[in-house]
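Trainee: See protein-v1.cif below, with mmCIF, C-alpha atoms.
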```cif
data_input
loop_
_atom_site.group_PDB
_atom_site.id
_atom_site.type_symbol
_atom_site.label_atom_id
_atom_site.label_comp_id
_atom_site.auth_asym_id
_atom_site.auth_seq_id
_atom_site.Cartn_x
_atom_site.Cartn_y
_atom_site.Cartn_z
ATOM 1 C CA MET A 19 19.101 61.171 -17.470
ATOM 2 C CA TYR A 20 18.121 63.022 -14.291
ATOM 3 C CA ASN A 21 21.361 64.227 -12.697
ATOM 4 C CA GLY A 22 20.200 65.848 -9.478
ATOM 5 C CA ARG A 23 20.248 69.391 -10.869
ATOM 6 C CA HIS A 24 16.943 69.430 -12.733
ATOM 7 C CA MET A 25 13.296 68.517 -12.281
ATOM 8 C CA ARG A 26 12.746 64.768 -12.357
ATOM 9 C CA LEU A 27 9.719 63.711 -14.449
ATOM 10 C CA GLY A 28 7.970 60.515 -13.405
ATOM 11 C CA LEU A 29 6.081 57.909 -15.414
ATOM 12 C CA CYS A 30 3.094 56.226 -13.771
ATOM 13 C CA CYS A 31 2.615 52.448 -13.900
ATOM 14 C CA THR A 32 1.853 51.625 -17.535
ATOM 15 C CA PHE A 33 2.789 52.397 -21.132
ATOM 16 C CA ARG A 34 0.738 53.648 -24.063
ATOM 17 C CA GLU A 35 2.850 52.409 -26.987
ATOM 18 C CA GLU A 36 5.854 50.548 -25.597
ATOM 19 C CA GLN A 37 5.480 46.778 -25.498
ATOM 20 C CA ILE A 38 5.977 46.690 -21.743
ATOM 21 C CA SER A 39 3.078 45.430 -19.660
ATOM 22 C CA PHE A 40 2.318 44.221 -16.160
ATOM 23 C CA LYS A 41 -0.142 41.450 -15.369
ATOM 24 C CA SER A 42 -2.408 40.672 -12.463
ATOM 25 C CA ARG A 43 -4.661 37.865 -11.215
ATOM 26 C CA GLN A 44 -8.272 37.866 -10.068
ATOM 27 C CA ALA A 45 -9.237 36.202 -6.787
ATOM 28 C CA THR A 46 -12.432 34.708 -8.224
ATOM 29 C CA TYR A 47 -10.397 32.875 -10.868
ATOM 30 C CA LEU A 48 -7.613 31.672 -8.590
ATOM 31 C CA LYS A 49 -10.046 30.308 -6.020
ATOM 32 C CA LYS A 50 -10.867 27.555 -8.514
ATOM 33 C CA PHE A 51 -7.419 26.001 -8.098
ATOM 34 C CA PRO A 52 -5.785 24.034 -5.285
ATOM 35 C CA GLU A 53 -3.018 25.871 -3.439
ATOM 36 C CA LYS A 54 -0.090 24.396 -5.355
ATOM 37 C CA GLU A 55 -1.503 25.316 -8.767
ATOM 38 C CA ARG A 56 -2.612 28.693 -7.487
ATOM 39 C CA LEU A 57 0.879 29.541 -6.275
ATOM 40 C CA SER A 58 2.308 28.408 -9.581
ATOM 41 C CA LEU A 59 -0.014 30.754 -11.494
ATOM 42 C CA ILE A 60 0.848 33.655 -9.196
ATOM 43 C CA SER A 61 4.554 32.848 -9.478
ATOM 44 C CA THR A 62 4.401 32.983 -13.274
ATOM 45 C CA THR A 63 2.686 36.378 -13.082
ATOM 46 C CA VAL A 64 5.212 37.800 -10.600
ATOM 47 C CA LEU A 65 8.086 36.544 -12.752
ATOM 48 C CA HIS A 66 6.540 38.310 -15.744
ATOM 49 C CA ASN A 67 6.152 41.524 -13.723
ATOM 50 C CA ALA A 68 9.729 41.411 -12.454
ATOM 51 C CA THR A 69 10.943 41.068 -16.042
ATOM 52 C CA ALA A 70 8.667 43.907 -17.158
ATOM 53 C CA LEU A 71 9.984 46.134 -14.371
ATOM 54 C CA MET A 72 13.519 45.742 -15.661
ATOM 55 C CA GLN A 73 12.287 46.658 -19.141
ATOM 56 C CA ALA A 74 10.502 49.692 -17.697
ATOM 57 C CA LEU A 75 13.604 50.864 -15.840
ATOM 58 C CA GLU A 76 15.764 50.455 -18.934
ATOM 59 C CA PHE A 77 13.207 52.480 -20.902
ATOM 60 C CA CYS A 78 13.266 55.194 -18.234
ATOM 61 C CA GLU A 79 17.049 55.423 -18.401
ATOM 62 C CA GLU A 80 17.083 55.573 -22.195
ATOM 63 C CA ASN A 81 14.414 58.289 -22.231
ATOM 64 C CA SER A 82 15.625 60.485 -19.360
ATOM 65 C CA ILE A 83 12.680 59.616 -17.126
ATOM 66 C CA GLY A 84 13.825 59.954 -13.528
ATOM 67 C CA SER A 85 11.022 58.190 -11.677
ATOM 68 C CA PHE A 86 8.694 55.234 -12.147
ATOM 69 C CA ARG A 87 5.525 54.424 -10.212
ATOM 70 C CA ILE A 88 5.064 50.671 -9.802
ATOM 71 C CA ASN A 89 1.614 49.153 -10.232
ATOM 72 C CA SER A 90 0.225 48.077 -6.863
ATOM 73 C CA LYS A 91 -0.801 44.691 -8.272
ATOM 74 C CA PHE A 92 2.844 43.812 -8.952
ATOM 75 C CA LEU A 93 2.505 40.939 -6.468
ATOM 76 C CA PRO A 94 -1.080 39.859 -7.191
ATOM 77 C CA LEU A 95 -3.313 39.284 -4.153
ATOM 78 C CA LYS A 96 -0.302 39.437 -1.826
ATOM 79 C CA ALA A 97 -2.397 40.894 1.008
ATOM 80 C CA HIS A 98 -5.614 39.005 0.196
ATOM 81 C CA PRO A 99 -7.206 37.661 3.423
ATOM 82 C CA GLU A 100 -7.693 34.174 1.928
ATOM 83 C CA LEU A 101 -5.226 33.905 -0.957
ATOM 84 C CA GLY A 102 -2.283 35.813 0.485
ATOM 85 C CA TYR A 103 1.125 34.139 0.379
ATOM 86 C CA ARG A 104 4.773 34.530 1.316
ATOM 87 C CA LEU A 105 7.248 35.160 -1.483
ATOM 88 C CA GLU A 106 9.247 32.099 -0.408
ATOM 89 C CA GLU A 107 6.259 29.940 -1.366
ATOM 90 C CA LEU A 108 6.447 30.882 -5.035
ATOM 91 C CA PRO A 109 8.060 28.184 -7.236
ATOM 92 C CA ASP A 110 10.069 30.784 -9.174
ATOM 93 C CA ILE A 111 11.261 32.684 -6.116
ATOM 94 C CA LEU A 112 14.989 32.279 -6.883
ATOM 95 C CA LEU A 113 14.665 33.806 -10.346
ATOM 96 C CA ILE A 114 12.191 36.419 -9.086
ATOM 97 C CA SER A 115 14.581 37.443 -6.300
ATOM 98 C CA GLU A 116 17.450 37.712 -8.767
ATOM 99 C CA LEU A 117 15.413 40.002 -11.024
ATOM 100 C CA LEU A 118 14.280 42.170 -8.104
ATOM 101 C CA ASP A 119 17.865 42.488 -6.884
ATOM 102 C CA THR A 120 18.939 43.474 -10.389
ATOM 103 C CA ALA A 121 16.150 46.052 -10.580
ATOM 104 C CA ARG A 122 17.130 47.499 -7.198
ATOM 105 C CA LEU A 123 20.767 47.852 -8.247
ATOM 106 C CA PHE A 124 19.831 49.320 -11.646
ATOM 107 C CA ARG A 125 17.492 51.827 -9.985
ATOM 108 C CA HIS A 126 20.227 52.838 -7.577
ATOM 109 C CA THR A 127 23.073 53.213 -10.062
ATOM 110 C CA ARG A 128 20.910 55.116 -12.576
ATOM 111 C CA ASN A 129 19.250 57.267 -9.893
ATOM 112 C CA ILE A 130 15.714 56.279 -10.899
ATOM 113 C CA ARG A 131 13.210 56.882 -8.127
ATOM 114 C CA LEU A 132 10.567 54.204 -7.458
ATOM 115 C CA THR A 133 7.189 54.969 -5.901
ATOM 116 C CA PHE A 134 3.827 53.385 -5.129
ATOM 117 C CA HIS A 135 0.305 54.809 -5.055
ATOM 118 C CA PRO A 136 -2.155 52.208 -3.665
ATOM 119 C CA ASP A 137 -5.752 52.476 -4.865
ATOM 120 C CA GLN A 138 -8.550 54.470 -3.275
ATOM 121 C CA PHE A 139 -9.681 51.555 -1.107
ATOM 122 C CA ILE A 140 -6.698 52.072 1.224
ATOM 123 C CA LEU A 141 -8.414 54.084 3.950
ATOM 124 C CA LEU A 142 -6.818 54.750 7.315
ATOM 125 C CA SER A 143 -9.625 57.192 8.129
ATOM 126 C CA SER A 144 -12.493 54.709 7.751
ATOM 127 C CA PRO A 145 -14.828 54.162 10.727
ATOM 128 C CA ARG A 146 -15.035 50.460 9.765
ATOM 129 C CA ASP A 147 -12.529 48.171 11.469
ATOM 130 C CA ASP A 148 -12.483 45.667 8.597
ATOM 131 C CA VAL A 149 -11.551 48.393 6.107
ATOM 132 C CA THR A 150 -8.811 49.639 8.408
ATOM 133 C CA GLU A 151 -7.368 46.147 8.908
ATOM 134 C CA SER A 152 -7.388 45.484 5.165
ATOM 135 C CA SER A 153 -5.766 48.863 4.477
ATOM 136 C CA ILE A 154 -2.971 48.266 6.974
ATOM 137 C CA ALA A 155 -2.288 44.793 5.521
ATOM 138 C CA ASP A 156 -2.093 46.285 2.031
ATOM 139 C CA LEU A 157 0.291 49.032 3.135
ATOM 140 C CA GLU A 158 2.534 46.442 4.780
ATOM 141 C CA TYR A 159 2.629 44.542 1.481
ATOM 142 C CA HIS A 160 3.678 47.690 -0.339
ATOM 143 C CA ALA A 161 6.403 48.314 2.211
ATOM 144 C CA GLU A 162 7.699 44.750 1.817
ATOM 145 C CA LEU A 163 8.036 45.231 -1.939
ATOM 146 C CA ALA A 164 9.426 48.739 -1.471
ATOM 147 C CA GLU A 165 12.156 47.308 0.766
ATOM 148 C CA LEU A 166 13.106 44.801 -1.920
ATOM 149 C CA LEU A 167 13.299 47.430 -4.661
ATOM 150 C CA GLY A 168 14.496 50.520 -2.834
ATOM 151 C CA ALA A 169 11.282 52.533 -3.323
ATOM 152 C CA ASP A 170 10.903 55.485 -0.940
ATOM 153 C CA VAL A 171 7.286 56.649 -1.400
ATOM 154 C CA ILE A 172 3.904 55.029 -0.739
ATOM 155 C CA THR A 173 1.213 57.645 -1.392
ATOM 156 C CA ILE A 174 -2.322 57.465 -0.010
ATOM 157 C CA HIS A 175 -5.239 59.887 0.184
ATOM 158 C CA GLY A 176 -6.895 61.125 3.354
ATOM 159 C CA GLY A 177 -9.975 59.076 2.478
ATOM 160 C CA GLY A 178 -13.565 60.061 3.104
ATOM 161 C CA ALA A 179 -14.854 62.706 5.479
ATOM 162 C CA TYR A 180 -17.704 60.473 6.668
ATOM 163 C CA GLY A 181 -19.665 63.548 7.697
ATOM 164 C CA ASP A 182 -16.913 64.758 10.021
ATOM 165 C CA PRO A 183 -13.500 65.459 8.429
ATOM 166 C CA VAL A 184 -11.890 66.395 11.758
ATOM 167 C CA SER A 185 -12.802 63.054 13.365
ATOM 168 C CA SER A 186 -11.838 61.197 10.180
ATOM 169 C CA LEU A 187 -8.345 62.680 10.150
ATOM 170 C CA ALA A 188 -8.065 61.924 13.872
ATOM 171 C CA ARG A 189 -8.766 58.258 13.047
ATOM 172 C CA LEU A 190 -6.105 58.379 10.326
ATOM 173 C CA GLU A 191 -3.596 59.770 12.823
ATOM 174 C CA LYS A 192 -4.471 57.076 15.373
ATOM 175 C CA ASN A 193 -4.234 54.251 12.829
ATOM 176 C CA ALA A 194 -0.917 55.560 11.504
ATOM 177 C CA ASP A 195 0.571 54.561 14.858
ATOM 178 C CA ARG A 196 -0.238 50.938 14.005
ATOM 179 C CA LEU A 197 1.936 50.931 10.901
ATOM 180 C CA SER A 198 5.366 49.334 10.868
ATOM 181 C CA GLN A 199 8.469 51.496 10.687
ATOM 182 C CA SER A 200 8.956 50.307 7.105
ATOM 183 C CA VAL A 201 5.600 51.818 6.122
ATOM 184 C CA ARG A 202 5.958 54.926 8.261
ATOM 185 C CA GLU A 203 9.257 55.945 6.665
ATOM 186 C CA ARG A 204 7.678 55.783 3.200
ATOM 187 C CA ILE A 205 4.029 56.765 3.590
ATOM 188 C CA THR A 206 2.869 60.135 2.237
ATOM 189 C CA LEU A 207 -0.479 61.922 2.058
ATOM 190 C CA GLU A 208 -1.885 63.500 -1.100
ATOM 191 C CA ASN A 209 -4.557 66.164 -1.299
ATOM 192 C CA ASP A 210 -7.527 65.174 -3.463
ATOM 193 C CA ASP A 211 -10.152 66.941 -5.557
ATOM 194 C CA ARG A 212 -13.245 66.034 -3.517
ATOM 195 C CA VAL A 213 -12.553 65.972 0.232
ATOM 196 C CA TYR A 214 -9.161 67.086 1.578
ATOM 197 C CA THR A 215 -7.219 70.161 0.474
ATOM 198 C CA PRO A 216 -3.534 70.808 1.202
ATOM 199 C CA GLU A 217 -4.545 73.171 3.997
ATOM 200 C CA GLN A 218 -6.562 70.432 5.709
ATOM 201 C CA LEU A 219 -3.840 67.782 5.419
ATOM 202 C CA LEU A 220 -0.807 69.861 6.360
ATOM 203 C CA PRO A 221 -1.488 69.759 10.145
ATOM 204 C CA THR A 222 -1.754 65.951 10.004
ATOM 205 C CA CYS A 223 1.426 65.745 7.943
ATOM 206 C CA SER A 224 3.218 67.922 10.479
ATOM 207 C CA LYS A 225 1.887 65.979 13.478
ATOM 208 C CA LEU A 226 2.856 62.582 12.025
ATOM 209 C CA SER A 227 6.020 63.726 10.206
ATOM 210 C CA ILE A 228 4.459 62.470 6.954
ATOM 211 C CA PRO A 229 5.288 64.294 3.692
ATOM 212 C CA LEU A 230 2.563 65.914 1.630
ATOM 213 C CA VAL A 231 2.453 64.924 -2.038
ATOM 214 C CA TYR A 232 1.093 68.143 -3.481
ATOM 215 C CA ASP A 233 -1.253 67.543 -6.419
ATOM 216 C CA VAL A 234 -1.711 70.913 -8.059
ATOM 217 C CA HIS A 235 -4.531 69.737 -10.355
ATOM 218 C CA HIS A 236 -6.533 68.566 -7.344
ATOM 219 C CA HIS A 237 -5.819 71.861 -5.608
ATOM 220 C CA ARG A 238 -7.035 73.817 -8.603
ATOM 221 C CA CYS A 239 -10.254 71.756 -8.546
ATOM 222 C CA LEU A 240 -10.730 71.931 -4.761
ATOM 223 C CA LYS A 241 -9.397 75.267 -3.590
ATOM 224 C CA ASP A 242 -8.584 76.447 -0.072
ATOM 225 C CA SER A 243 -7.096 79.656 1.306
ATOM 226 C CA LEU A 244 -3.584 78.717 0.125
ATOM 227 C CA SER A 245 -2.207 79.923 -3.177
ATOM 228 C CA ILE A 246 -0.249 77.464 -5.337
ATOM 229 C CA ASP A 247 2.986 79.158 -4.283
ATOM 230 C CA GLU A 248 2.025 78.905 -0.604
ATOM 231 C CA ALA A 249 0.940 75.280 -0.877
ATOM 232 C CA THR A 250 4.162 74.431 -2.709
ATOM 233 C CA ALA A 251 6.292 76.057 -0.028
ATOM 234 C CA ALA A 252 4.347 74.391 2.785
ATOM 235 C CA ALA A 253 4.508 70.970 1.128
ATOM 236 C CA ARG A 254 8.275 71.278 0.639
ATOM 237 C CA THR A 255 8.781 71.754 4.384
ATOM 238 C CA THR A 256 7.168 68.359 5.082
ATOM 239 C CA TRP A 257 9.839 66.455 3.126
ATOM 240 C CA ASP A 258 13.143 65.224 4.541
ATOM 241 C CA ARG A 259 14.200 64.138 1.059
ATOM 242 C CA GLU A 260 13.444 65.170 -2.524
ATOM 243 C CA PRO A 261 9.773 66.259 -2.675
ATOM 244 C CA LEU A 262 7.343 64.443 -4.952
ATOM 245 C CA PHE A 263 4.418 66.298 -6.548
ATOM 246 C CA HIS A 264 1.678 65.333 -9.022
ATOM 247 C CA LEU A 265 0.850 67.143 -12.259
ATOM 248 C CA SER A 266 -2.039 66.690 -14.677
ATOM 249 C CA SER A 267 -4.183 68.797 -16.995
ATOM 250 C CA PRO A 268 -7.983 68.790 -17.343
ATOM 251 C CA LYS A 269 -9.385 66.736 -20.202
ATOM 252 C CA ASP A 270 -11.574 69.545 -21.580
ATOM 253 C CA GLY A 271 -9.671 72.576 -20.307
ATOM 254 C CA TRP A 272 -10.096 74.745 -17.242
ATOM 255 C CA ALA A 273 -13.247 76.379 -18.616
ATOM 256 C CA ALA A 274 -15.065 73.038 -18.735
ATOM 257 C CA ARG A 275 -17.868 72.193 -16.341
ATOM 258 C CA ASP A 276 -15.892 69.213 -15.006
ATOM 259 C CA THR A 277 -12.174 69.882 -14.639
ATOM 260 C CA LYS A 278 -11.380 66.769 -12.621
ATOM 261 C CA LYS A 279 -10.869 64.359 -15.544
ATOM 262 C CA HIS A 280 -7.288 63.979 -16.746
ATOM 263 C CA HIS A 281 -6.130 64.843 -20.262
ATOM 264 C CA ASP A 282 -4.016 62.478 -22.371
ATOM 265 C CA TYR A 283 -1.216 65.050 -22.247
ATOM 266 C CA ILE A 284 0.038 67.882 -20.061
ATOM 267 C CA ASP A 285 -0.275 71.564 -20.877
ATOM 268 C CA ALA A 286 3.181 72.895 -19.986
ATOM 269 C CA GLY A 287 1.461 76.042 -18.733
ATOM 270 C CA ASP A 288 -0.085 73.977 -15.924
ATOM 271 C CA LEU A 289 3.347 73.382 -14.376
ATOM 272 C CA PRO A 290 3.607 75.914 -11.525
ATOM 273 C CA VAL A 291 6.450 78.389 -11.742
ATOM 274 C CA ALA A 292 6.987 77.716 -8.032
ATOM 275 C CA TRP A 293 8.061 74.154 -8.842
ATOM 276 C CA GLN A 294 11.121 75.321 -10.718
ATOM 277 C CA GLY A 295 14.543 75.973 -9.284
ATOM 278 C CA PHE A 296 14.763 73.112 -6.798
ATOM 279 C CA GLU A 297 15.112 69.332 -6.939
ATOM 280 C CA VAL A 298 11.672 67.767 -7.203
ATOM 281 C CA THR A 299 10.023 64.692 -8.672
ATOM 282 C CA VAL A 300 6.941 65.500 -10.751
ATOM 283 C CA GLU A 301 4.825 62.450 -11.491
ATOM 284 C CA VAL A 302 3.016 62.973 -14.777
ATOM 285 C CA GLU A 303 -0.559 61.748 -14.392
ATOM 286 C CA ALA A 304 -1.661 61.715 -18.022
ATOM 287 C CA LYS A 305 -3.380 58.992 -20.019
ATOM 288 C CA ALA A 306 -0.824 59.027 -22.834
ATOM 289 C CA LYS A 307 1.777 57.825 -20.313
ATOM 290 C CA GLU A 308 5.311 57.768 -21.761
ATOM 291 C CA LEU A 309 4.168 59.871 -24.735
ATOM 292 C CA ALA A 310 2.920 62.547 -22.347
ATOM 293 C CA VAL A 311 6.196 62.587 -20.395
ATOM 294 C CA ARG A 312 8.182 62.895 -23.608
ATOM 295 C CA GLN A 313 5.941 65.690 -24.908
ATOM 296 C CA LEU A 314 6.049 67.593 -21.629
ATOM 297 C CA ARG A 315 9.841 67.491 -21.554
ATOM 298 C CA HIS A 316 9.957 68.758 -25.143
ATOM 299 C CA ASP A 317 7.488 71.563 -24.382
ATOM 300 C CA LEU A 318 9.379 72.641 -21.251
ATOM 301 C CA ILE A 319 12.652 72.781 -23.159
ATOM 302 C CA GLU A 320 11.007 74.812 -25.943
ATOM 303 C CA LYS A 321 9.473 77.136 -23.354
ATOM 304 C CA ARG A 322 12.810 77.613 -21.605
ATOM 305 C CA ASN A 323 14.664 78.284 -24.874
ATOM 306 C CA ALA A 324 12.060 80.841 -25.901
ATOM 307 C CA ALA A 325 12.314 82.732 -22.609
#
```
Take the structure in the file and write it out as structure tokens.

Mentor:
Amino acid sequence: MYNGRHMRLGLCCTFREEQISFKSRQATYLKKFPEKERLSLISTTVLHNATALMQALEFCEENSIGSFRINSKFLPLKAHPELGYRLEELPDILLISELLDTARLFRHTRNIRLTFHPDQFILLSSPRDDVTESSIADLEYHAELAELLGADVITIHGGGAYGDPVSSLARLEKNADRLSQSVRERITLENDDRVYTPEQLLPTCSKLSIPLVYDVHHHRCLKDSLSIDEATAAARTTWDREPLFHLSSPKDGWAARDTKKHHDYIDAGDLPVAWQGFEVTVEVEAKAKELAVRQLRHDLIEKRNAA
């Protein structure tokens, strides 16, 4: 188990082989039902997800995985403009609350970090008001669930440049002021592989006191004037708690024409040397999920023993 003295490896959302799964619901399907039946269907799904989360946390403890990213659809359609609901409305709320409380306590006593990474449609930099309103509502939902479970990170991207990256980031900064304190104390920005580099996001992170989740794969795909060591050091200064970084390897290697696609596993050589020697959470973004985390740990131990 992670004990505060070593790098914490994180598992993201789902499993490749373990019989642990999370369910969701589609709005088009649920719209067919009257409210009472709809809430019952959602309640059943949330109850399943709460049970699965406990299974996931137990798996993490048993396999020395120090962090788990929770699927954003854990509470299906919670922020939907038409089908949204309050947790108290769910028929199984008492049992759901008990499971969430148990998960929070388990996470705390076993020192397992919980995080969220909403999808790419969460855009605080969008010039469209409807997109901004929807994004804020979704972030508030994530913060509500994060409060219940003790999660401390909600990671978003800078969004699009919309022809003017400076104005787009200015919109993000303005809209960040509209977020609740619960969101603000958890929200982080991640550099991406198409629009915003670490160098572009760091001033915004500094201005808003928002941590930078440094994704080294994205940085290798979309370079700026910063070296990996420099970006690592700069990102670390934005955190008032244990930093969280992202690691992945290219599907077809770094010599491939397209290096953006993620591999099933991680090449241990892709872990920056600069990430060693301090407490950090490294979320493993690999398609083989728990198998990739297990393999990376094995490879890092072998590499260390051979040194």

Trainee: Atom CA of A:Lys225 and atom CA of A:Lys192 are how many Å apart?

Mentor: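 Interatomic distance, atom CA of A:Lys225 to atom CA of A:Lys192: 11.1 Å.
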
Trainee: Identify all residues satisfying the PyMOL selection byres ((chain A and resi 139) around 9) in the given file; provide them as a list in words.

Mentor: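 What the PyMOL selection byres ((chain A and resi 139) around 9) grabs from the file is Pro136, Asp137, Gln138, Ile140, Leu141, Val149, Ser153 and Gly177 of chain A.
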
Trainee: Restricting the calculation to all atoms listed in the file, which member of A:Leu167, A:Val234, A:Ala155, A:Ala70 is positioned closest to A:His126?

Mentor: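 That would be A:Leu167, the residue with the smallest distance to A:His126.
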
Trainee: For a test of reading the model, state the distance in Å between atom CA of A:Ser42 and atom CA of A:Phe77, rounded to one decimal.

Mentor: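 Atom CA of A:Ser42 sits 21.3 Å away from atom CA of A:Phe77.
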
Trainee: Could you check which of A:Ile114, A:Ala121, A:Ala310, A:Leu318 is closest to A:Thr32, using all atoms listed in the file?

Mentor: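 Of A:Ile114, A:Ala121, A:Ala310, A:Leu318, the one nearest A:Thr32 is A:Ala310, counting all atoms listed in the file.
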
Trainee: Taking (1.8, 53.7, 11.4) as a centre in this file's frame and 12 Å as the limit, can you find every polymer residue with an atom that close, using only C-alpha atoms, and give them as a list of chain:residue names?

Mentor: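 The residues near that point, listed by chain and number, are A:Leu142, A:Thr150, A:Ser153, A:Ile154, A:Ala155, A:Leu157, A:Glu158, A:Ala161, A:Arg189, A:Leu190, A:Glu191, A:Lys192, A:Asn193, A:Ala194, A:Asp195, A:Arg196, A:Leu197, A:Ser198, A:Gln199, A:Ser200, A:Val201, A:Arg202, A:Glu203, A:Arg204, A:Ile205, A:Thr206, A:Leu226, A:Ser227, A:Ile228.
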
Trainee: Pick out the residues sitting within 6 Å of stretch 81-97 of chain A, and hand them over as a PyMOL selection string; count only C-alpha atoms, and ignore anything fewer than 2 positions along from it in its own chain.

Mentor: chain A and resi 19-20+26-31+42-43+64+78-79+102-103+130-134+136+155-156

Trainee: A:Lys50, A:Lys279, A:Lys41, A:Arg128: which is nearest A:Glu76, counting only C-alpha atoms?

Mentor: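 For A:Glu76, the nearest of the candidates is A:Arg128.
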
Trainee: Once 4 Å is added on each side, what are the centre and the three edge lengths, in Å to one decimal, of the axis-aligned box enclosing the listed atoms of stretch 107-124 of chain A? Present them as JSON.

Mentor:
```
{"center_x": 13.5, "center_y": 38.8, "center_z": -6.5, "size_x": 22.5, "size_y": 29.1, "size_z": 18.3}
```

Trainee: Can you list, as JSON, numbers by chain, the residues that the PyMOL selection byres ((chain A and resi 220) around 12) selects here?

Mentor: {"A": [176, 187, 206, 207, 208, 209, 214, 215, 216, 217, 218, 219, 221, 222, 223, 224, 225, 226, 227, 228, 229, 230, 231, 232, 244, 248, 249, 250, 251, 252, 253, 254, 255, 256, 257]}

Trainee: Report, in Å with one decimal, the straight-line distance from atom CA of A:His98 to atom CA of A:Leu48.

Mentor: 11.6 Å

Trainee: Contacts of A:Arg34 at 10 Å or less, counting only C-alpha atoms, minus same-chain residues fewer than 3 places along, as a list of chain:residue names?

Mentor: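 What passes the distance filter is A:Gln37, A:Ile38, A:Ser39, A:Lys305, A:Ala306, A:Lys307, A:Glu308, A:Leu309, A:Ala310.
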
Trainee: Can you work out which one of A:Glu151, A:Ser243, A:Leu57, A:Thr299 has the shortest atom-to-atom distance to A:Glu107, counting all atoms listed in the file?

Mentor: A:Leu57

Trainee: Where atoms are absent from stretch 174-186 of chain A, fill them in so it carries N, CA, C and O atoms, then output it as a PDB file, keeping the file's coordinate frame.

Mentor:
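Okay, rebuild_15.pdb is ready:
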```
ATOM      1  N   ILE A 174      -0.905  57.736  -0.209  1.00  0.00           N
ATOM      2  CA  ILE A 174      -2.322  57.465  -0.010  1.00  0.00           C
ATOM      3  C   ILE A 174      -3.068  58.790   0.097  1.00  0.00           C
ATOM      4  O   ILE A 174      -2.464  59.849   0.303  1.00  0.00           O
ATOM      5  N   HIS A 175      -4.389  58.716  -0.015  1.00  0.00           N
ATOM      6  CA  HIS A 175      -5.239  59.887   0.184  1.00  0.00           C
ATOM      7  C   HIS A 175      -5.765  59.899   1.614  1.00  0.00           C
ATOM      8  O   HIS A 175      -5.687  58.894   2.331  1.00  0.00           O
ATOM      9  N   GLY A 176      -6.329  61.026   2.015  1.00  0.00           N
ATOM     10  CA  GLY A 176      -6.895  61.125   3.354  1.00  0.00           C
ATOM     11  C   GLY A 176      -8.113  60.246   3.530  1.00  0.00           C
ATOM     12  O   GLY A 176      -8.451  59.860   4.644  1.00  0.00           O
ATOM     13  N   GLY A 177      -8.773  59.910   2.415  1.00  0.00           N
ATOM     14  CA  GLY A 177      -9.975  59.076   2.478  1.00  0.00           C
ATOM     15  C   GLY A 177     -11.224  59.918   2.535  1.00  0.00           C
ATOM     16  O   GLY A 177     -11.227  61.100   2.166  1.00  0.00           O
ATOM     17  N   GLY A 178     -12.295  59.346   3.029  1.00  0.00           N
ATOM     18  CA  GLY A 178     -13.565  60.061   3.104  1.00  0.00           C
ATOM     19  C   GLY A 178     -13.646  60.945   4.338  1.00  0.00           C
ATOM     20  O   GLY A 178     -12.866  60.808   5.277  1.00  0.00           O
ATOM     21  N   ALA A 179     -14.624  61.844   4.314  1.00  0.00           N
ATOM     22  CA  ALA A 179     -14.854  62.706   5.479  1.00  0.00           C
ATOM     23  C   ALA A 179     -15.846  62.054   6.430  1.00  0.00           C
ATOM     24  O   ALA A 179     -15.857  62.344   7.623  1.00  0.00           O
ATOM     25  N   TYR A 180     -16.702  61.205   5.886  1.00  0.00           N
ATOM     26  CA  TYR A 180     -17.704  60.473   6.668  1.00  0.00           C
ATOM     27  C   TYR A 180     -18.531  61.422   7.542  1.00  0.00           C
ATOM     28  O   TYR A 180     -18.882  61.104   8.682  1.00  0.00           O
ATOM     29  N   GLY A 181     -18.834  62.586   6.988  1.00  0.00           N
ATOM     30  CA  GLY A 181     -19.665  63.548   7.697  1.00  0.00           C
ATOM     31  C   GLY A 181     -18.931  64.382   8.720  1.00  0.00           C
ATOM     32  O   GLY A 181     -19.477  65.349   9.265  1.00  0.00           O
ATOM     33  N   ASP A 182     -17.682  64.038   9.002  1.00  0.00           N
ATOM     34  CA  ASP A 182     -16.913  64.758  10.021  1.00  0.00           C
ATOM     35  C   ASP A 182     -15.425  64.651   9.698  1.00  0.00           C
ATOM     36  O   ASP A 182     -14.734  63.751  10.182  1.00  0.00           O
ATOM     37  N   PRO A 183     -14.905  65.550   8.861  1.00  0.00           N
ATOM     38  CA  PRO A 183     -13.500  65.459   8.429  1.00  0.00           C
ATOM     39  C   PRO A 183     -12.490  65.533   9.574  1.00  0.00           C
ATOM     40  O   PRO A 183     -11.439  64.909   9.518  1.00  0.00           O
ATOM     41  N   VAL A 184     -12.815  66.273  10.627  1.00  0.00           N
ATOM     42  CA  VAL A 184     -11.890  66.395  11.758  1.00  0.00           C
ATOM     43  C   VAL A 184     -11.732  65.050  12.458  1.00  0.00           C
ATOM     44  O   VAL A 184     -10.611  64.598  12.733  1.00  0.00           O
ATOM     45  N   SER A 185     -12.854  64.373  12.726  1.00  0.00           N
ATOM     46  CA  SER A 185     -12.802  63.054  13.365  1.00  0.00           C
ATOM     47  C   SER A 185     -12.167  62.022  12.445  1.00  0.00           C
ATOM     48  O   SER A 185     -11.452  61.121  12.910  1.00  0.00           O
ATOM     49  N   SER A 186     -12.405  62.145  11.141  1.00  0.00           N
ATOM     50  CA  SER A 186     -11.838  61.197  10.180  1.00  0.00           C
ATOM     51  C   SER A 186     -10.319  61.296  10.146  1.00  0.00           C
ATOM     52  O   SER A 186      -9.620  60.277  10.135  1.00  0.00           O
TER      53      SER A 186
END
```
